[in-house]
>>> print(open('query-v2.pdb').read())   # PDB, C-alpha atoms, pLDDT in the B column
ATOM      1  CA  MET A   1       0.738   0.146  48.391  1.00 55.00           C
ATOM      2  CA  LEU A   2       2.201  -3.294  48.004  1.00 67.00           C
ATOM      3  CA  ASN A   3       1.855  -4.541  51.555  1.00 83.00           C
ATOM      4  CA  TYR A   4      -1.608  -5.883  51.031  1.00 89.00           C
ATOM      5  CA  THR A   5      -2.497  -9.311  52.362  1.00 91.00           C
ATOM      6  CA  LYS A   6      -3.890 -11.848  49.930  1.00 92.00           C
ATOM      7  CA  TYR A   7      -7.343 -11.205  51.415  1.00 93.00           C
ATOM      8  CA  GLU A   8      -7.092  -7.494  50.740  1.00 92.00           C
ATOM      9  CA  LYS A   9      -5.792  -8.084  47.239  1.00 92.00           C
ATOM     10  CA  VAL A  10      -8.653 -10.364  46.332  1.00 94.00           C
ATOM     11  CA  ARG A  11     -11.171  -7.952  47.829  1.00 93.00           C
ATOM     12  CA  ILE A  12      -9.758  -5.073  45.752  1.00 93.00           C
ATOM     13  CA  ILE A  13      -9.621  -7.122  42.559  1.00 94.00           C
ATOM     14  CA  GLY A  14     -13.152  -8.373  43.173  1.00 94.00           C
ATOM     15  CA  ALA A  15     -14.545  -4.903  43.831  1.00 93.00           C
ATOM     16  CA  ARG A  16     -12.706  -3.447  40.859  1.00 93.00           C
ATOM     17  CA  ALA A  17     -13.839  -6.264  38.538  1.00 94.00           C
ATOM     18  CA  LEU A  18     -17.451  -5.622  39.550  1.00 94.00           C
ATOM     19  CA  GLN A  19     -17.030  -1.912  38.828  1.00 92.00           C
ATOM     20  CA  ILE A  20     -15.550  -2.664  35.403  1.00 92.00           C
ATOM     21  CA  SER A  21     -18.338  -5.103  34.602  1.00 92.00           C
ATOM     22  CA  LEU A  22     -20.834  -2.365  35.470  1.00 92.00           C
ATOM     23  CA  GLY A  23     -19.253   0.082  33.054  1.00 88.00           C
ATOM     24  CA  ALA A  24     -16.475   1.900  34.929  1.00 89.00           C
ATOM     25  CA  PRO A  25     -13.784   3.245  32.573  1.00 90.00           C
ATOM     26  CA  ILE A  26     -10.687   1.012  32.584  1.00 88.00           C
ATOM     27  CA  LEU A  27      -7.294   2.519  33.397  1.00 89.00           C
ATOM     28  CA  ILE A  28      -4.925   0.409  31.274  1.00 90.00           C
ATOM     29  CA  GLU A  29      -4.454  -0.568  27.642  1.00 91.00           C
ATOM     30  CA  THR A  30      -5.495  -4.171  27.245  1.00 89.00           C
ATOM     31  CA  SER A  31      -6.930  -6.608  24.756  1.00 89.00           C
ATOM     32  CA  THR A  32      -8.687  -8.647  27.455  1.00 89.00           C
ATOM     33  CA  LEU A  33     -12.471  -8.525  27.674  1.00 92.00           C
ATOM     34  CA  ASP A  34     -12.869 -10.366  30.986  1.00 94.00           C
ATOM     35  CA  PRO A  35     -13.431  -7.850  33.833  1.00 93.00           C
ATOM     36  CA  ILE A  36     -11.606 -10.046  36.342  1.00 94.00           C
ATOM     37  CA  ARG A  37      -8.499 -10.301  34.108  1.00 94.00           C
ATOM     38  CA  ILE A  38      -8.594  -6.543  33.509  1.00 94.00           C
ATOM     39  CA  ALA A  39      -8.811  -5.953  37.272  1.00 93.00           C
ATOM     40  CA  GLN A  40      -5.872  -8.289  37.829  1.00 94.00           C
ATOM     41  CA  GLU A  41      -3.781  -6.444  35.227  1.00 93.00           C
ATOM     42  CA  GLU A  42      -4.678  -3.120  36.832  1.00 92.00           C
ATOM     43  CA  MET A  43      -3.660  -4.547  40.212  1.00 92.00           C
ATOM     44  CA  LYS A  44      -0.298  -5.628  38.785  1.00 91.00           C
ATOM     45  CA  LYS A  45       0.303  -2.123  37.398  1.00 91.00           C
ATOM     46  CA  GLU A  46      -0.848  -0.552  40.674  1.00 89.00           C
ATOM     47  CA  VAL A  47      -3.337   1.790  39.048  1.00 90.00           C
ATOM     48  CA  ILE A  48      -6.499   0.799  40.899  1.00 89.00           C
ATOM     49  CA  PRO A  49      -7.860   3.873  42.747  1.00 87.00           C
ATOM     50  CA  ILE A  50      -8.876   1.859  45.794  1.00 89.00           C
ATOM     51  CA  THR A  51      -7.184   1.869  49.196  1.00 88.00           C
ATOM     52  CA  VAL A  52      -7.739  -0.241  52.268  1.00 90.00           C
ATOM     53  CA  ILE A  53      -8.644   1.316  55.573  1.00 87.00           C
ATOM     54  CA  ARG A  54      -7.438  -0.874  58.422  1.00 86.00           C
ATOM     55  CA  ASP A  55      -9.157  -0.296  61.708  1.00 80.00           C
TER      56      ASP A  55
ATOM     57  CA  MET B   1     -41.412  30.327  52.762  1.00 86.00           C
ATOM     58  CA  PHE B   2     -38.487  29.585  50.501  1.00 90.00           C
ATOM     59  CA  LYS B   3     -35.409  28.377  52.286  1.00 91.00           C
ATOM     60  CA  VAL B   4     -31.903  27.280  51.445  1.00 93.00           C
ATOM     61  CA  VAL B   5     -31.012  24.352  53.689  1.00 92.00           C
ATOM     62  CA  GLN B   6     -27.931  22.235  54.145  1.00 93.00           C
ATOM     63  CA  ILE B   7     -28.459  18.501  53.895  1.00 92.00           C
ATOM     64  CA  ARG B   8     -26.050  15.705  54.711  1.00 93.00           C
ATOM     65  CA  ASP B   9     -26.644  12.461  52.897  1.00 91.00           C
ATOM     66  CA  THR B  10     -24.850   9.589  51.234  1.00 92.00           C
ATOM     67  CA  ALA B  11     -24.758   9.650  47.460  1.00 91.00           C
ATOM     68  CA  ARG B  12     -24.532   6.370  45.573  1.00 92.00           C
ATOM     69  CA  VAL B  13     -22.391   6.774  42.470  1.00 91.00           C
ATOM     70  CA  PRO B  14     -22.707   3.842  40.045  1.00 91.00           C
ATOM     71  CA  PRO B  15     -19.544   2.728  38.161  1.00 89.00           C
ATOM     72  CA  ASN B  16     -20.719   3.998  34.767  1.00 87.00           C
ATOM     73  CA  LYS B  17     -20.478   7.524  36.211  1.00 86.00           C
ATOM     74  CA  PHE B  18     -16.891   7.063  37.435  1.00 85.00           C
ATOM     75  CA  GLY B  19     -14.636   8.613  34.800  1.00 82.00           C
ATOM     76  CA  ARG B  20     -16.121  12.091  35.047  1.00 84.00           C
ATOM     77  CA  GLU B  21     -15.848  15.059  37.386  1.00 86.00           C
ATOM     78  CA  LEU B  22     -16.993  13.645  40.736  1.00 87.00           C
ATOM     79  CA  ASN B  23     -18.829  16.718  42.027  1.00 88.00           C
ATOM     80  CA  GLN B  24     -20.803  16.954  38.821  1.00 89.00           C
ATOM     81  CA  SER B  25     -21.763  13.277  38.931  1.00 89.00           C
ATOM     82  CA  ILE B  26     -22.853  13.633  42.540  1.00 91.00           C
ATOM     83  CA  ALA B  27     -24.830  16.783  41.747  1.00 91.00           C
ATOM     84  CA  GLU B  28     -26.678  14.974  38.962  1.00 90.00           C
ATOM     85  CA  ILE B  29     -27.407  11.970  41.168  1.00 91.00           C
ATOM     86  CA  LEU B  30     -28.702  14.094  44.039  1.00 91.00           C
ATOM     87  CA  GLN B  31     -30.769  16.205  41.670  1.00 92.00           C
ATOM     88  CA  GLY B  32     -32.393  13.102  40.224  1.00 91.00           C
ATOM     89  CA  GLN B  33     -33.011  11.787  43.699  1.00 89.00           C
ATOM     90  CA  TYR B  34     -34.310  14.912  45.438  1.00 88.00           C
ATOM     91  CA  GLU B  35     -35.595  17.526  43.032  1.00 89.00           C
ATOM     92  CA  GLY B  36     -39.352  17.679  42.818  1.00 86.00           C
ATOM     93  CA  THR B  37     -39.836  15.569  45.914  1.00 85.00           C
ATOM     94  CA  TRP B  38     -41.647  16.316  49.129  1.00 84.00           C
ATOM     95  CA  ASP B  39     -40.207  16.028  52.600  1.00 83.00           C
ATOM     96  CA  LYS B  40     -42.223  16.206  55.819  1.00 81.00           C
ATOM     97  CA  ASP B  41     -39.885  18.695  57.483  1.00 84.00           C
ATOM     98  CA  LEU B  42     -38.383  20.521  54.518  1.00 87.00           C
ATOM     99  CA  GLY B  43     -41.401  20.864  52.258  1.00 86.00           C
ATOM    100  CA  PHE B  44     -40.909  20.809  48.527  1.00 88.00           C
ATOM    101  CA  ILE B  45     -37.312  20.311  47.476  1.00 90.00           C
ATOM    102  CA  LEU B  46     -36.997  22.454  44.383  1.00 91.00           C
ATOM    103  CA  ALA B  47     -33.326  22.432  43.488  1.00 91.00           C
ATOM    104  CA  ILE B  48     -29.964  21.066  44.564  1.00 91.00           C
ATOM    105  CA  HIS B  49     -27.611  23.871  43.674  1.00 88.00           C
ATOM    106  CA  ASN B  50     -24.439  23.656  45.688  1.00 88.00           C
ATOM    107  CA  ILE B  51     -22.312  20.664  46.663  1.00 90.00           C
ATOM    108  CA  ILE B  52     -20.366  21.818  49.690  1.00 92.00           C
ATOM    109  CA  GLU B  53     -18.440  18.792  50.818  1.00 89.00           C
ATOM    110  CA  VAL B  54     -17.713  15.338  49.428  1.00 90.00           C
ATOM    111  CA  GLY B  55     -16.106  12.759  51.656  1.00 89.00           C
ATOM    112  CA  ASP B  56     -14.128   9.630  50.732  1.00 89.00           C
ATOM    113  CA  GLY B  57     -15.856   7.010  48.624  1.00 89.00           C
ATOM    114  CA  LYS B  58     -16.737   3.750  50.338  1.00 90.00           C
ATOM    115  CA  ILE B  59     -17.119   0.412  48.593  1.00 92.00           C
ATOM    116  CA  VAL B  60     -19.702  -1.963  49.969  1.00 90.00           C
ATOM    117  CA  PRO B  61     -19.583  -5.735  49.398  1.00 89.00           C
ATOM    118  CA  GLY B  62     -21.902  -6.906  46.672  1.00 87.00           C
ATOM    119  CA  ASP B  63     -22.417  -3.488  45.124  1.00 89.00           C
ATOM    120  CA  GLY B  64     -20.136  -1.984  42.489  1.00 85.00           C
ATOM    121  CA  SER B  65     -21.137   1.552  43.398  1.00 91.00           C
ATOM    122  CA  ALA B  66     -19.159   3.970  45.507  1.00 91.00           C
ATOM    123  CA  TYR B  67     -20.873   5.706  48.408  1.00 93.00           C
ATOM    124  CA  TYR B  68     -19.900   9.295  49.158  1.00 93.00           C
ATOM    125  CA  GLU B  69     -20.894  11.151  52.288  1.00 94.00           C
ATOM    126  CA  THR B  70     -21.854  14.588  50.998  1.00 94.00           C
ATOM    127  CA  VAL B  71     -23.063  17.912  52.314  1.00 94.00           C
ATOM    128  CA  PHE B  72     -25.075  20.012  49.906  1.00 93.00           C
ATOM    129  CA  GLU B  73     -27.435  22.956  49.744  1.00 94.00           C
ATOM    130  CA  ALA B  74     -31.011  22.678  48.570  1.00 93.00           C
ATOM    131  CA  LEU B  75     -33.691  25.243  47.796  1.00 94.00           C
ATOM    132  CA  THR B  76     -36.940  24.305  49.500  1.00 92.00           C
ATOM    133  CA  TYR B  77     -40.435  25.701  49.865  1.00 90.00           C
ATOM    134  CA  LEU B  78     -42.514  25.045  52.959  1.00 88.00           C
ATOM    135  CA  PRO B  79     -45.784  26.945  53.393  1.00 89.00           C
ATOM    136  CA  LYS B  80     -46.404  28.057  56.973  1.00 88.00           C
ATOM    137  CA  LEU B  81     -49.665  28.813  58.724  1.00 91.00           C
ATOM    138  CA  TYR B  82     -50.362  32.582  59.032  1.00 92.00           C
ATOM    139  CA  GLU B  83     -47.583  33.404  56.580  1.00 92.00           C
ATOM    140  CA  VAL B  84     -48.284  36.400  54.333  1.00 93.00           C
ATOM    141  CA  VAL B  85     -47.739  35.481  50.710  1.00 92.00           C
ATOM    142  CA  GLU B  86     -47.947  37.150  47.331  1.00 93.00           C
ATOM    143  CA  GLY B  87     -48.891  35.541  44.057  1.00 93.00           C
ATOM    144  CA  GLU B  88     -50.715  35.685  40.795  1.00 94.00           C
ATOM    145  CA  VAL B  89     -54.269  34.496  40.174  1.00 93.00           C
ATOM    146  CA  GLU B  90     -54.063  31.400  37.989  1.00 93.00           C
ATOM    147  CA  GLU B  91     -57.643  30.301  37.792  1.00 91.00           C
ATOM    148  CA  ILE B  92     -61.083  31.578  38.687  1.00 92.00           C
ATOM    149  CA  THR B  93     -63.855  29.185  39.675  1.00 91.00           C
ATOM    150  CA  GLU B  94     -67.270  29.805  41.151  1.00 91.00           C
ATOM    151  CA  PHE B  95     -66.044  28.850  44.606  1.00 92.00           C
ATOM    152  CA  GLY B  96     -62.895  30.958  44.605  1.00 91.00           C
ATOM    153  CA  ALA B  97     -59.615  31.893  43.014  1.00 92.00           C
ATOM    154  CA  PHE B  98     -56.467  29.772  42.759  1.00 93.00           C
ATOM    155  CA  VAL B  99     -53.291  31.728  43.378  1.00 94.00           C
ATOM    156  CA  ARG B 100     -49.823  30.562  42.387  1.00 93.00           C
ATOM    157  CA  LEU B 101     -47.512  30.921  45.366  1.00 89.00           C
ATOM    158  CA  GLY B 102     -44.457  29.366  43.802  1.00 85.00           C
ATOM    159  CA  PRO B 103     -44.348  25.608  43.370  1.00 86.00           C
ATOM    160  CA  ILE B 104     -47.985  25.193  44.440  1.00 87.00           C
ATOM    161  CA  ASP B 105     -51.338  26.955  44.248  1.00 90.00           C
ATOM    162  CA  GLY B 106     -53.408  28.256  47.113  1.00 91.00           C
ATOM    163  CA  LEU B 107     -57.151  28.752  47.132  1.00 94.00           C
ATOM    164  CA  VAL B 108     -58.896  31.955  48.161  1.00 92.00           C
ATOM    165  CA  HIS B 109     -62.469  30.899  48.816  1.00 93.00           C
ATOM    166  CA  VAL B 110     -65.175  33.350  47.709  1.00 90.00           C
ATOM    167  CA  SER B 111     -66.050  33.951  51.352  1.00 90.00           C
ATOM    168  CA  GLN B 112     -62.479  35.078  51.993  1.00 90.00           C
ATOM    169  CA  LEU B 113     -62.094  37.478  49.056  1.00 88.00           C
ATOM    170  CA  THR B 114     -63.621  40.669  50.460  1.00 86.00           C
ATOM    171  CA  ASN B 115     -66.179  41.728  53.051  1.00 86.00           C
ATOM    172  CA  ASP B 116     -68.537  42.169  50.134  1.00 85.00           C
ATOM    173  CA  PHE B 117     -70.956  39.689  48.578  1.00 89.00           C
ATOM    174  CA  ILE B 118     -69.201  38.024  45.650  1.00 88.00           C
ATOM    175  CA  ASN B 119     -70.728  37.184  42.280  1.00 88.00           C
ATOM    176  CA  TYR B 120     -69.173  34.746  39.836  1.00 90.00           C
ATOM    177  CA  ASP B 121     -69.256  35.978  36.243  1.00 88.00           C
ATOM    178  CA  LYS B 122     -69.079  32.880  34.100  1.00 87.00           C
ATOM    179  CA  LYS B 123     -68.764  34.689  30.771  1.00 88.00           C
ATOM    180  CA  ASN B 124     -65.775  36.875  31.685  1.00 88.00           C
ATOM    181  CA  ASN B 125     -64.398  34.373  34.186  1.00 90.00           C
ATOM    182  CA  THR B 126     -64.201  36.929  36.975  1.00 89.00           C
ATOM    183  CA  LEU B 127     -65.312  37.313  40.570  1.00 90.00           C
ATOM    184  CA  SER B 128     -66.803  40.702  41.469  1.00 88.00           C
ATOM    185  CA  GLY B 129     -67.963  42.376  44.651  1.00 87.00           C
ATOM    186  CA  LYS B 130     -71.631  43.349  44.678  1.00 86.00           C
ATOM    187  CA  GLU B 131     -71.286  46.752  46.354  1.00 84.00           C
ATOM    188  CA  SER B 132     -67.615  47.671  46.016  1.00 84.00           C
ATOM    189  CA  GLY B 133     -67.447  46.728  42.333  1.00 83.00           C
ATOM    190  CA  ARG B 134     -64.036  45.202  42.888  1.00 87.00           C
ATOM    191  CA  VAL B 135     -63.165  42.648  40.231  1.00 89.00           C
ATOM    192  CA  LEU B 136     -60.736  39.748  40.400  1.00 90.00           C
ATOM    193  CA  LYS B 137     -59.530  38.094  37.219  1.00 89.00           C
ATOM    194  CA  VAL B 138     -56.820  35.750  36.024  1.00 92.00           C
ATOM    195  CA  GLY B 139     -53.393  37.401  36.087  1.00 91.00           C
ATOM    196  CA  ASP B 140     -54.115  39.752  38.995  1.00 92.00           C
ATOM    197  CA  LYS B 141     -51.372  40.055  41.605  1.00 93.00           C
ATOM    198  CA  ILE B 142     -52.588  39.596  45.144  1.00 92.00           C
ATOM    199  CA  ARG B 143     -51.346  39.425  48.709  1.00 94.00           C
ATOM    200  CA  GLY B 144     -52.960  36.989  51.115  1.00 93.00           C
ATOM    201  CA  ARG B 145     -52.448  35.145  54.342  1.00 94.00           C
ATOM    202  CA  ILE B 146     -52.341  31.371  54.715  1.00 93.00           C
ATOM    203  CA  VAL B 147     -55.144  30.356  57.082  1.00 94.00           C
ATOM    204  CA  THR B 148     -55.637  26.681  56.391  1.00 92.00           C
ATOM    205  CA  LEU B 149     -52.925  24.237  55.643  1.00 89.00           C
ATOM    206  CA  SER B 150     -53.117  20.535  55.058  1.00 88.00           C
ATOM    207  CA  LEU B 151     -49.866  18.924  54.075  1.00 80.00           C
ATOM    208  CA  LYS B 152     -49.956  15.361  52.937  1.00 77.00           C
ATOM    209  CA  ARG B 153     -47.422  13.271  51.136  1.00 70.00           C
ATOM    210  CA  GLY B 154     -46.783  14.971  47.813  1.00 63.00           C
ATOM    211  CA  SER B 155     -49.718  17.322  47.936  1.00 72.00           C
ATOM    212  CA  ALA B 156     -50.546  20.411  49.910  1.00 77.00           C
ATOM    213  CA  LYS B 157     -53.874  22.145  50.201  1.00 87.00           C
ATOM    214  CA  ILE B 158     -53.497  25.782  51.058  1.00 91.00           C
ATOM    215  CA  GLY B 159     -56.343  28.121  51.938  1.00 93.00           C
ATOM    216  CA  LEU B 160     -55.751  31.878  51.852  1.00 93.00           C
ATOM    217  CA  THR B 161     -57.680  34.837  53.134  1.00 93.00           C
ATOM    218  CA  MET B 162     -57.676  38.390  51.800  1.00 92.00           C
ATOM    219  CA  ARG B 163     -60.116  39.758  54.385  1.00 91.00           C
ATOM    220  CA  GLN B 164     -57.582  41.569  56.528  1.00 89.00           C
ATOM    221  CA  PRO B 165     -56.048  45.042  56.370  1.00 89.00           C
ATOM    222  CA  TYR B 166     -53.538  45.435  53.540  1.00 89.00           C
ATOM    223  CA  LEU B 167     -54.385  42.111  51.993  1.00 91.00           C
ATOM    224  CA  GLY B 168     -56.025  41.681  48.609  1.00 87.00           C
ATOM    225  CA  LYS B 169     -55.307  42.709  45.066  1.00 89.00           C
ATOM    226  CA  PHE B 170     -52.387  45.159  44.863  1.00 91.00           C
ATOM    227  CA  GLU B 171     -54.680  47.865  43.443  1.00 88.00           C
ATOM    228  CA  TRP B 172     -57.062  47.487  46.386  1.00 88.00           C
ATOM    229  CA  ILE B 173     -54.191  47.779  48.827  1.00 88.00           C
ATOM    230  CA  ALA B 174     -53.067  50.989  47.082  1.00 88.00           C
ATOM    231  CA  GLU B 175     -56.606  52.392  47.443  1.00 86.00           C
ATOM    232  CA  GLU B 176     -56.686  51.385  51.083  1.00 82.00           C
ATOM    233  CA  LYS B 177     -53.390  53.176  51.695  1.00 85.00           C
ATOM    234  CA  LYS B 178     -54.642  56.363  49.998  1.00 86.00           C
ATOM    235  CA  GLU B 179     -57.728  56.403  52.167  1.00 81.00           C
ATOM    236  CA  GLY B 180     -55.360  56.065  55.117  1.00 69.00           C
TER     237      GLY B 180
END
>>> encode(input="query-v2.pdb", output="structure tokens")
Amino acid sequence: MLNYTKYEKVRIIGARALQISLGAPILIETSTLDPIRIAQEEMKKEVIPITVIRD
Amino acid sequence: MFKVVQIRDTARVPPNKFGRELNQSIAEILQGQYEGTWDKDLGFILAIHNIIEVGDGKIVPGDGSAYYETVFEALTYLPKLYEVVEGEVEEITEFGAFVRLGPIDGLVHVSQLTNDFINYDKKNNTLSGKESGRVLKVGDKIRGRIVTLSLKRGSAKIGLTMRQPYLGKFEWIAEEKKEG
């Protein structure tokens, strides 16, 4: 999973943050309320259920 | 005619529906989107009852929702010209009887009820033949044939006839059979 480019990473975090802000259930324990920070934490723990299709 | 058809479409699942069973979420979304609607080719879409296939979710820029390519089964009703149908009389008016065919009603005009002259009885809310004495009232089960059909967006006007052999109220058909 960890061979993402910085462009892919930011796209995943962005998409995930938008999902969280729209009410998706979050996948980690956190005290943060900011969707972007939550998405970043999820990215760090590699729990985001999003993959990149390269074609 | 009622039909079960397979439809392929993309379902948009918003993020607040994420944490649950995916097939169930998709079923609910498709039901909300399709059930009770009218389609030019399919007719009335009555129920989405079987999700057959759900593809991978796609994320589109600018939208938090996931898009799933799905294949599902739907129950539809599309009336066809010259189709023989059965139903129950729902309403009697002076110009004819409305018959429930399923999701919609069809009209049997007084001129299409029997070969007889028809009188409208306002007090009893019935239509009766002048010579045969045959009576049609609310709740009667009949068999008819669709002879006029006008399908427009969301509404269908269906005209039936009962003036053909073995069409009419079930009791009349039984009599007809006995006479041979």
>>> axis_aligned_box(input="query-v2.pdb", around="range 41-55 of chain A", padding_each_side="3 Å", output="JSON")
{"center_x": -4.4, "center_y": -1.3, "center_z": 48.5, "size_x": 15.5, "size_y": 16.3, "size_z": 32.5}
>>> atom_distance(input="query-v2.pdb", atom1="CA of Arg134 in chain B", atom2="CA of Gly159 in chain B")
20.8 Å
>>> residues_around(input="query-v2.pdb", residues="range 146-149 of chain B", least_positions_apart="2", cutoff="9 Å", atoms="all atoms listed in the file", output="ChimeraX atom specification")
/B:79-85,106,144,151,156-161
>>> resolve_selection(input="query-v2.pdb", expression="the PyMOL selection byres ((chain A and resi 53) around 12)", output="PyMOL selection string")
(chain A and resi 1+4+8+12+50-52+54-55) or (chain B and resi 56-59)
>>> closest_residue(input="query-v2.pdb", among="B:Glu86, B:Asp63, B:Glu69, B:Glu175", to="chain A", atoms="all atoms listed in the file")
B:Asp63
>>> resolve_selection(input="query-v2.pdb", expression="the ChimeraX specification (/A :<7) & /B", output="count of residues only")
5
>>> decode(input="query-v2.pdb", residues="range 47-55 of chain A", atoms="all heavy atoms", output="short mmCIF file (atom, residue, chain, number, x, y, z; two decimals), in the first residue's frame")
data_model
loop_
_atom_site.label_atom_id
_atom_site.label_comp_id
_atom_site.auth_asym_id
_atom_site.auth_seq_id
_atom_site.Cartn_x
_atom_site.Cartn_y
_atom_site.Cartn_z
N VAL A 47 -5.60 2.54 7.30
CA VAL A 47 -6.90 1.89 7.44
C VAL A 47 -7.94 2.43 6.44
O VAL A 47 -9.09 2.01 6.46
CB VAL A 47 -7.46 2.06 8.87
CG1 VAL A 47 -6.61 1.29 9.87
CG2 VAL A 47 -7.57 3.52 9.26
N ILE A 48 -7.51 3.34 5.58
CA ILE A 48 -8.49 3.91 4.64
C ILE A 48 -8.88 2.88 3.57
O ILE A 48 -7.99 2.33 2.89
CB ILE A 48 -7.93 5.18 3.96
CG1 ILE A 48 -7.64 6.23 5.03
CG2 ILE A 48 -8.93 5.73 2.95
CD1 ILE A 48 -7.13 7.54 4.48
N PRO A 49 -10.13 2.57 3.41
CA PRO A 49 -10.55 1.54 2.43
C PRO A 49 -10.62 2.10 1.01
O PRO A 49 -11.63 1.97 0.33
CB PRO A 49 -11.93 1.13 2.94
CG PRO A 49 -12.46 2.34 3.63
CD PRO A 49 -11.28 3.11 4.15
N ILE A 50 -9.57 2.73 0.58
CA ILE A 50 -9.52 3.29 -0.77
C ILE A 50 -8.23 2.81 -1.43
O ILE A 50 -7.17 2.83 -0.80
CB ILE A 50 -9.54 4.84 -0.74
CG1 ILE A 50 -10.86 5.35 -0.18
CG2 ILE A 50 -9.31 5.41 -2.14
CD1 ILE A 50 -10.91 6.86 0.02
N THR A 51 -8.34 2.36 -2.67
CA THR A 51 -7.13 1.97 -3.41
C THR A 51 -7.05 2.79 -4.69
O THR A 51 -8.03 3.38 -5.12
CB THR A 51 -7.15 0.48 -3.78
OG1 THR A 51 -8.38 0.19 -4.43
CG2 THR A 51 -7.00 -0.39 -2.56
N VAL A 52 -5.88 2.81 -5.26
CA VAL A 52 -5.67 3.58 -6.49
C VAL A 52 -5.57 2.62 -7.65
O VAL A 52 -4.85 1.63 -7.58
CB VAL A 52 -4.38 4.43 -6.39
CG1 VAL A 52 -4.08 5.12 -7.71
CG2 VAL A 52 -4.48 5.45 -5.28
N ILE A 53 -6.32 2.90 -8.68
CA ILE A 53 -6.19 2.11 -9.91
C ILE A 53 -5.32 2.90 -10.88
O ILE A 53 -5.66 4.02 -11.25
CB ILE A 53 -7.57 1.84 -10.55
CG1 ILE A 53 -8.44 1.06 -9.57
CG2 ILE A 53 -7.41 1.09 -11.85
CD1 ILE A 53 -9.88 0.93 -10.02
N ARG A 54 -4.20 2.32 -11.26
CA ARG A 54 -3.30 3.03 -12.18
C ARG A 54 -3.49 2.46 -13.57
O ARG A 54 -3.26 1.28 -13.81
CB ARG A 54 -1.85 2.85 -11.74
CG ARG A 54 -1.57 3.57 -10.43
CD ARG A 54 -0.19 3.20 -9.93
NE ARG A 54 0.12 3.94 -8.71
CZ ARG A 54 1.00 3.53 -7.81
NH1 ARG A 54 1.62 2.39 -7.99
NH2 ARG A 54 1.23 4.25 -6.75
N ASP A 55 -3.95 3.27 -14.47
CA ASP A 55 -4.03 2.78 -15.86
C ASP A 55 -3.83 3.91 -16.85
O ASP A 55 -3.47 5.02 -16.50
CB ASP A 55 -5.37 2.06 -16.10
CG ASP A 55 -6.56 2.90 -15.70
OD1 ASP A 55 -6.36 4.10 -15.39
OD2 ASP A 55 -7.67 2.36 -15.69
#
